[in-house]
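Accompanying notes for the structure given below.
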Amino acid sequence: MSIDQQNIHNLTALWNKYGTKSIAHEGNSTLLATLGWPYRSWLEGENNLALQISATPKSHRITSWPYPLPKANNVAPISRLDENWHLEFEQTAMYLKLNEITLPTEQQNNLDLRIVKDAESLTQWLQISSEAFGYEMDQEVFKPLLTDCDIEIYLGYLNQKPAVSALLYKTGNVTGLHQMGVKKAFQGQNAAKSAMYLLLARAQQQRSEFMVLQASKMGLPLYLKLGFQAQFKLLNFHFVEENLSLIHISEP
């Protein structure tokens, strides 16, 4: 399995951990969707855009990546799939070869990274991640993950106050980084970089060959500085009623 395929596998395997179901099948293509949050729908098998458009619930986002997977620089921008499915946001799939990096021996601040093990800490973790990404998250989705041997949920503390959220999920020889966020009150204090050094060290301890992630536009500069390589774009489309699609709403 190529590193591109491993990145996608890590992401969709995590979605399966959240709870998913198969909602349509045609030929060699199967359309899956999460039962609830994060409301994602995606294909496994061959590309079948018509199946995605026709069978994806309006409550969900269509998440799409190129078939076959090309490099990020070769992907043409797409604003919509049809008159109803509009591009909401894009992410950049990235990877870092862990044996090619040297981590600092001292931290730039006193960030303390702890594994989340109880409901109270999970609530704090969800608050940070929800604030950082601008959406509400379902605590019931994450409760079973606290005892999953392949998943580690981390809460980072600055000056004894919850500041950073992150989740590591190991599949095969890769460790996937997910839900990496910094509370607004602690942004600009190198909290994200300090947390990344600790998370990369943990991935090395897990004997993973790569760390993979899907970066937002905001997180992309940090990951590039750390040495991550861009792979391809993940495009996320949401449903817009046809009679509303002619109304232009400026982004905040």
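Each chain in the structure tokens gets a letter, A, B and so on, in the order shown; residues start at 1 in every chain, and ligands are counted from 1 in the order they appear.
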For this session: Quick one: everything within 10 Å of Gln189 in chain A, counting only C-alpha atoms, minus sequence neighbours fewer than 3 positions away in the same chain. Send it as a PyMOL selection string.
Result: chain A and resi 108-109+158+182+185-186+192-194
Saved selection, atoms kept: all heavy atoms, as a compact mmCIF listing (two decimals), in the first residue's frame:
```txt
# COMPACT_ATOMS: atom_id res chain seq x y z
N GLN A 108 10.12 24.72 23.98
CA GLN A 108 10.15 26.19 24.01
C GLN A 108 9.25 26.74 25.11
O GLN A 108 9.37 27.90 25.48
CB GLN A 108 9.72 26.74 22.64
CG GLN A 108 10.69 26.39 21.52
CD GLN A 108 10.22 26.91 20.19
OE1 GLN A 108 9.03 27.13 19.97
NE2 GLN A 108 11.14 27.14 19.27
N ASN A 109 8.35 25.94 25.61
CA ASN A 109 7.48 26.37 26.72
C ASN A 109 7.22 25.16 27.60
O ASN A 109 7.80 24.09 27.41
CB ASN A 109 6.17 26.98 26.18
CG ASN A 109 5.48 26.04 25.19
OD1 ASN A 109 5.56 24.82 25.31
ND2 ASN A 109 4.81 26.60 24.20
N LEU A 158 -1.02 24.34 29.18
CA LEU A 158 -0.06 25.42 29.33
C LEU A 158 -0.37 26.15 30.62
O LEU A 158 -1.51 26.58 30.84
CB LEU A 158 -0.14 26.41 28.15
CG LEU A 158 0.75 26.13 26.94
CD1 LEU A 158 0.49 27.17 25.85
CD2 LEU A 158 2.23 26.14 27.32
N VAL A 182 -5.76 24.34 18.88
CA VAL A 182 -5.26 25.16 19.99
C VAL A 182 -6.37 26.12 20.41
O VAL A 182 -6.96 26.80 19.56
CB VAL A 182 -3.99 25.95 19.59
CG1 VAL A 182 -3.53 26.84 20.76
CG2 VAL A 182 -2.88 25.01 19.16
N ALA A 185 -7.28 31.37 23.28
CA ALA A 185 -6.56 32.14 24.30
C ALA A 185 -5.07 31.81 24.34
O ALA A 185 -4.28 32.59 24.86
CB ALA A 185 -7.18 31.89 25.68
N PHE A 186 -4.68 30.66 23.75
CA PHE A 186 -3.28 30.24 23.79
C PHE A 186 -2.61 30.27 22.41
O PHE A 186 -1.45 29.85 22.29
CB PHE A 186 -3.18 28.83 24.38
CG PHE A 186 -3.61 28.76 25.81
CD1 PHE A 186 -4.90 28.38 26.14
CD2 PHE A 186 -2.73 29.08 26.84
CE1 PHE A 186 -5.31 28.31 27.46
CE2 PHE A 186 -3.13 29.01 28.16
CZ PHE A 186 -4.42 28.64 28.48
N ALA A 192 1.14 24.92 19.44
CA ALA A 192 0.97 23.91 18.40
C ALA A 192 2.30 23.25 18.06
O ALA A 192 2.39 22.02 17.95
CB ALA A 192 0.34 24.52 17.16
N LYS A 193 3.35 24.07 17.90
CA LYS A 193 4.66 23.51 17.56
C LYS A 193 5.18 22.62 18.70
O LYS A 193 5.69 21.52 18.45
CB LYS A 193 5.67 24.62 17.27
CG LYS A 193 7.06 24.10 16.94
CD LYS A 193 8.05 25.24 16.78
CE LYS A 193 8.02 25.80 15.39
NZ LYS A 193 9.15 26.76 15.16
N SER A 194 5.05 23.07 19.93
CA SER A 194 5.50 22.26 21.06
C SER A 194 4.75 20.94 21.14
O SER A 194 5.34 19.88 21.39
CB SER A 194 5.33 23.04 22.37
OG SER A 194 6.14 24.18 22.40
```
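Around Trp65 in chain A, within 10 Å and counting only C-alpha atoms, the residues found are A:Ile8, A:Trp42, A:Leu43, A:Asn47, A:Pro70, A:Val75, A:Gln91, A:Ala93, A:Phe232, A:Lys233, A:Leu234, A:Leu235, A:Asn236, once anything fewer than 5 positions away on its own chain is removed.
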Selection from above, N, CA and C atoms, as a compact mmCIF listing (two decimals), in the first residue's frame, can you write it?
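Writing done, so here's selection_18.txt:
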```
# COMPACT_ATOMS: atom_id res chain seq x y z
N ILE A 8 -5.21 7.83 3.32
CA ILE A 8 -6.66 7.71 3.20
C ILE A 8 -7.18 6.58 4.09
N TRP A 42 -18.22 8.84 1.79
CA TRP A 42 -17.09 8.64 0.89
C TRP A 42 -17.22 7.29 0.18
N LEU A 43 -16.44 7.14 -0.86
CA LEU A 43 -16.44 5.92 -1.66
C LEU A 43 -15.29 5.01 -1.28
N ASN A 47 -13.96 4.91 -8.35
CA ASN A 47 -14.63 6.22 -8.36
C ASN A 47 -15.98 6.11 -9.04
N PRO A 70 -3.08 11.69 -7.38
CA PRO A 70 -1.93 12.42 -7.93
C PRO A 70 -1.29 13.28 -6.86
N VAL A 75 -3.67 18.93 -8.97
CA VAL A 75 -5.11 18.87 -8.80
C VAL A 75 -5.75 20.19 -9.21
N GLN A 91 -8.77 20.22 2.23
CA GLN A 91 -7.66 19.86 3.11
C GLN A 91 -6.52 19.33 2.25
N ALA A 93 -3.67 16.46 2.18
CA ALA A 93 -3.10 15.25 2.76
C ALA A 93 -1.59 15.40 2.80
N PHE A 232 -1.94 15.28 -1.77
CA PHE A 232 -3.08 15.53 -2.65
C PHE A 232 -4.14 16.28 -1.85
N LYS A 233 -5.17 16.75 -2.53
CA LYS A 233 -6.24 17.50 -1.88
C LYS A 233 -7.43 16.60 -1.56
N LEU A 234 -8.02 16.82 -0.40
CA LEU A 234 -9.32 16.25 -0.07
C LEU A 234 -10.33 17.38 -0.16
N LEU A 235 -11.39 17.16 -0.95
CA LEU A 235 -12.40 18.18 -1.16
C LEU A 235 -13.68 17.77 -0.44
N ASN A 236 -14.27 18.69 0.29
CA ASN A 236 -15.47 18.43 1.09
C ASN A 236 -16.61 19.30 0.59
```
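The closest residue to Lys183 in chain A, picked from A:Gly27, A:Gly227, A:Pro221, A:Gly134 and counting only C-alpha atoms, is A:Gly134.
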Exercise. Where does DSSP see strand (DSSP E) in range 52-193 of chain A, if you list the residues as a PyMOL selection string?
Worked result: chain A and resi 61-64+85-97+112-115+151-158+161-171+174-182
For this session: Could you tell me, as JSON, numbers by chain, which residues of range 50-170 of chain A DSSP assigns to helix (DSSP H, G or I) when given the backbone?
Result: {"A": [50, 51, 52, 53, 54, 55, 72, 73, 74, 98, 99, 100, 119, 120, 121, 122, 123, 124, 125, 126, 127, 128, 129, 130, 131, 132, 133, 139, 140, 141, 142, 143, 144, 145, 146, 147]}
For the residues selected in the previous step, produce a file with N, CA, C and O atoms as a compact mmCIF listing (two decimals), in the first residue's frame.
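Okay, this is what ended up in part14.txt:
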```
# COMPACT_ATOMS: atom_id res chain seq x y z
N ALA A 50 -21.38 9.80 -9.82
CA ALA A 50 -22.85 9.79 -9.92
C ALA A 50 -23.48 9.12 -8.71
O ALA A 50 -24.50 9.58 -8.19
N LEU A 51 -22.87 8.05 -8.24
CA LEU A 51 -23.38 7.36 -7.06
C LEU A 51 -23.26 8.24 -5.82
O LEU A 51 -24.18 8.31 -5.01
N GLN A 52 -22.12 8.92 -5.67
CA GLN A 52 -21.94 9.83 -4.54
C GLN A 52 -23.01 10.91 -4.51
O GLN A 52 -23.61 11.19 -3.48
N ILE A 53 -23.25 11.52 -5.65
CA ILE A 53 -24.19 12.64 -5.72
C ILE A 53 -25.61 12.17 -5.46
O ILE A 53 -26.38 12.82 -4.74
N SER A 54 -25.98 11.03 -6.01
CA SER A 54 -27.37 10.58 -5.91
C SER A 54 -27.71 9.96 -4.56
O SER A 54 -28.86 10.06 -4.10
N ALA A 55 -26.73 9.35 -3.89
CA ALA A 55 -27.04 8.57 -2.69
C ALA A 55 -26.57 9.19 -1.38
O ALA A 55 -26.98 8.73 -0.31
N ALA A 72 -0.37 16.86 -5.06
CA ALA A 72 -1.25 17.99 -4.76
C ALA A 72 -1.18 19.07 -5.84
O ALA A 72 -2.19 19.69 -6.18
N ASN A 73 0.00 19.32 -6.39
CA ASN A 73 0.16 20.41 -7.34
C ASN A 73 -0.53 20.15 -8.67
O ASN A 73 -0.69 21.06 -9.48
N ASN A 74 -0.96 18.91 -8.91
CA ASN A 74 -1.58 18.57 -10.19
C ASN A 74 -3.10 18.56 -10.12
O ASN A 74 -3.76 18.18 -11.08
N LEU A 98 9.37 9.55 9.64
CA LEU A 98 9.77 9.82 11.02
C LEU A 98 11.25 9.58 11.30
O LEU A 98 11.81 10.18 12.21
N ASN A 99 11.90 8.73 10.52
CA ASN A 99 13.33 8.49 10.78
C ASN A 99 14.23 9.52 10.12
O ASN A 99 15.45 9.44 10.22
N GLU A 100 13.63 10.51 9.47
CA GLU A 100 14.40 11.55 8.81
C GLU A 100 14.33 12.88 9.54
O GLU A 100 14.78 13.90 9.03
N ALA A 119 -14.13 11.18 31.56
CA ALA A 119 -15.16 11.99 30.92
C ALA A 119 -14.90 13.48 31.08
O ALA A 119 -15.16 14.27 30.16
N GLU A 120 -14.40 13.89 32.25
CA GLU A 120 -14.16 15.32 32.48
C GLU A 120 -13.08 15.85 31.53
O GLU A 120 -13.25 16.91 30.92
N SER A 121 -11.99 15.11 31.40
CA SER A 121 -10.92 15.54 30.49
C SER A 121 -11.39 15.49 29.04
O SER A 121 -11.01 16.35 28.23
N LEU A 122 -12.22 14.51 28.71
CA LEU A 122 -12.76 14.42 27.35
C LEU A 122 -13.63 15.63 27.04
O LEU A 122 -13.57 16.17 25.92
N THR A 123 -14.41 16.08 27.99
CA THR A 123 -15.23 17.28 27.79
C THR A 123 -14.35 18.49 27.50
O THR A 123 -14.65 19.29 26.60
N GLN A 124 -13.26 18.65 28.25
CA GLN A 124 -12.33 19.75 28.01
C GLN A 124 -11.69 19.63 26.62
O GLN A 124 -11.52 20.62 25.91
N TRP A 125 -11.33 18.41 26.26
CA TRP A 125 -10.73 18.16 24.95
C TRP A 125 -11.69 18.55 23.82
O TRP A 125 -11.30 19.21 22.84
N LEU A 126 -12.95 18.16 23.97
CA LEU A 126 -13.96 18.47 22.96
C LEU A 126 -14.19 19.97 22.84
O LEU A 126 -14.38 20.50 21.74
N GLN A 127 -14.16 20.68 23.96
CA GLN A 127 -14.35 22.13 23.93
C GLN A 127 -13.24 22.81 23.14
O GLN A 127 -13.50 23.72 22.35
N ILE A 128 -12.01 22.37 23.34
CA ILE A 128 -10.88 22.97 22.61
C ILE A 128 -10.97 22.65 21.13
O ILE A 128 -10.83 23.54 20.28
N SER A 129 -11.20 21.38 20.81
CA SER A 129 -11.27 20.98 19.41
C SER A 129 -12.44 21.64 18.69
O SER A 129 -12.30 22.11 17.56
N SER A 130 -13.58 21.74 19.35
CA SER A 130 -14.74 22.38 18.74
C SER A 130 -14.48 23.86 18.49
O SER A 130 -14.84 24.40 17.44
N GLU A 131 -13.85 24.52 19.45
CA GLU A 131 -13.53 25.95 19.29
C GLU A 131 -12.52 26.15 18.17
O GLU A 131 -12.68 27.07 17.34
N ALA A 132 -11.51 25.29 18.10
CA ALA A 132 -10.46 25.45 17.10
C ALA A 132 -10.98 25.24 15.69
O ALA A 132 -10.55 25.94 14.75
N PHE A 133 -11.92 24.31 15.50
CA PHE A 133 -12.40 23.99 14.16
C PHE A 133 -13.74 24.62 13.83
O PHE A 133 -14.19 24.56 12.68
N GLN A 139 -19.85 13.99 21.95
CA GLN A 139 -19.06 13.30 22.96
C GLN A 139 -19.28 11.80 22.93
O GLN A 139 -18.35 11.02 23.20
N GLU A 140 -20.49 11.36 22.59
CA GLU A 140 -20.79 9.93 22.57
C GLU A 140 -19.96 9.18 21.53
O GLU A 140 -19.69 7.99 21.69
N VAL A 141 -19.53 9.89 20.48
CA VAL A 141 -18.70 9.27 19.45
C VAL A 141 -17.32 8.92 20.01
O VAL A 141 -16.72 7.90 19.65
N PHE A 142 -16.82 9.76 20.92
CA PHE A 142 -15.45 9.63 21.39
C PHE A 142 -15.31 8.78 22.65
O PHE A 142 -14.21 8.28 22.94
N LYS A 143 -16.37 8.60 23.39
CA LYS A 143 -16.28 7.81 24.63
C LYS A 143 -15.71 6.42 24.40
O LYS A 143 -14.82 5.98 25.16
N PRO A 144 -16.16 5.68 23.39
CA PRO A 144 -15.59 4.33 23.18
C PRO A 144 -14.11 4.35 22.80
O PRO A 144 -13.41 3.35 22.98
N LEU A 145 -13.63 5.48 22.29
CA LEU A 145 -12.25 5.57 21.84
C LEU A 145 -11.27 5.68 23.00
O LEU A 145 -10.06 5.47 22.83
N LEU A 146 -11.76 6.02 24.20
CA LEU A 146 -10.88 6.17 25.36
C LEU A 146 -10.19 4.87 25.73
O LEU A 146 -9.11 4.89 26.32
N THR A 147 -10.80 3.74 25.37
CA THR A 147 -10.23 2.44 25.71
C THR A 147 -9.77 1.69 24.47
O THR A 147 -9.46 0.50 24.55
```
For this session: Give me the residues within 7 Å of Thr34 in chain A as a VMD selection string, counting only C-alpha atoms and dropping any in the same chain fewer than 4 places off.
Result: chain A and resid 15 19 to 21 38 to 41
Using only C-alpha atoms, find each residue of range 89-147 of chain A with at least one atom at most 10 Å away from an atom of range 170-175 of chain A; report its shortest atom-to-atom pair and that distance in Å (one decimal), sort the rows by chain and rising residue number, and return the result as JSON lines.
```
{"residue": "A:Tyr95", "atom": "CA", "partner": "A:Val174", "partner_atom": "CA", "distance": 9.2}
{"residue": "A:Leu96", "atom": "CA", "partner": "A:Val174", "partner_atom": "CA", "distance": 9.7}
{"residue": "A:Lys97", "atom": "CA", "partner": "A:Val174", "partner_atom": "CA", "distance": 9.4}
{"residue": "A:Leu98", "atom": "CA", "partner": "A:Val174", "partner_atom": "CA", "distance": 9.5}
```
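If you look at CA of Gln229 in chain A and CA of Leu168 in chain A, they are 18.5 Å away from each other.
Residues lying within 8 Å of Thr30 in chain A, counting only C-alpha atoms and ignoring same-chain neighbours fewer than 6 positions away, are Ser22, Ile23, Ala24, Leu43, Glu44 and Gly45 of chain A.
Shell of Lys161 in chain A at 10 Å, with only C-alpha atoms counted and residues fewer than 6 places along the chain excluded, is Leu111, Asp112, Leu155 and Phe186 of chain A.
For the atom pair formed by CA of Leu11 in chain A and CA of Met94 in chain A, the distance is 11.9 Å, given to one decimal.
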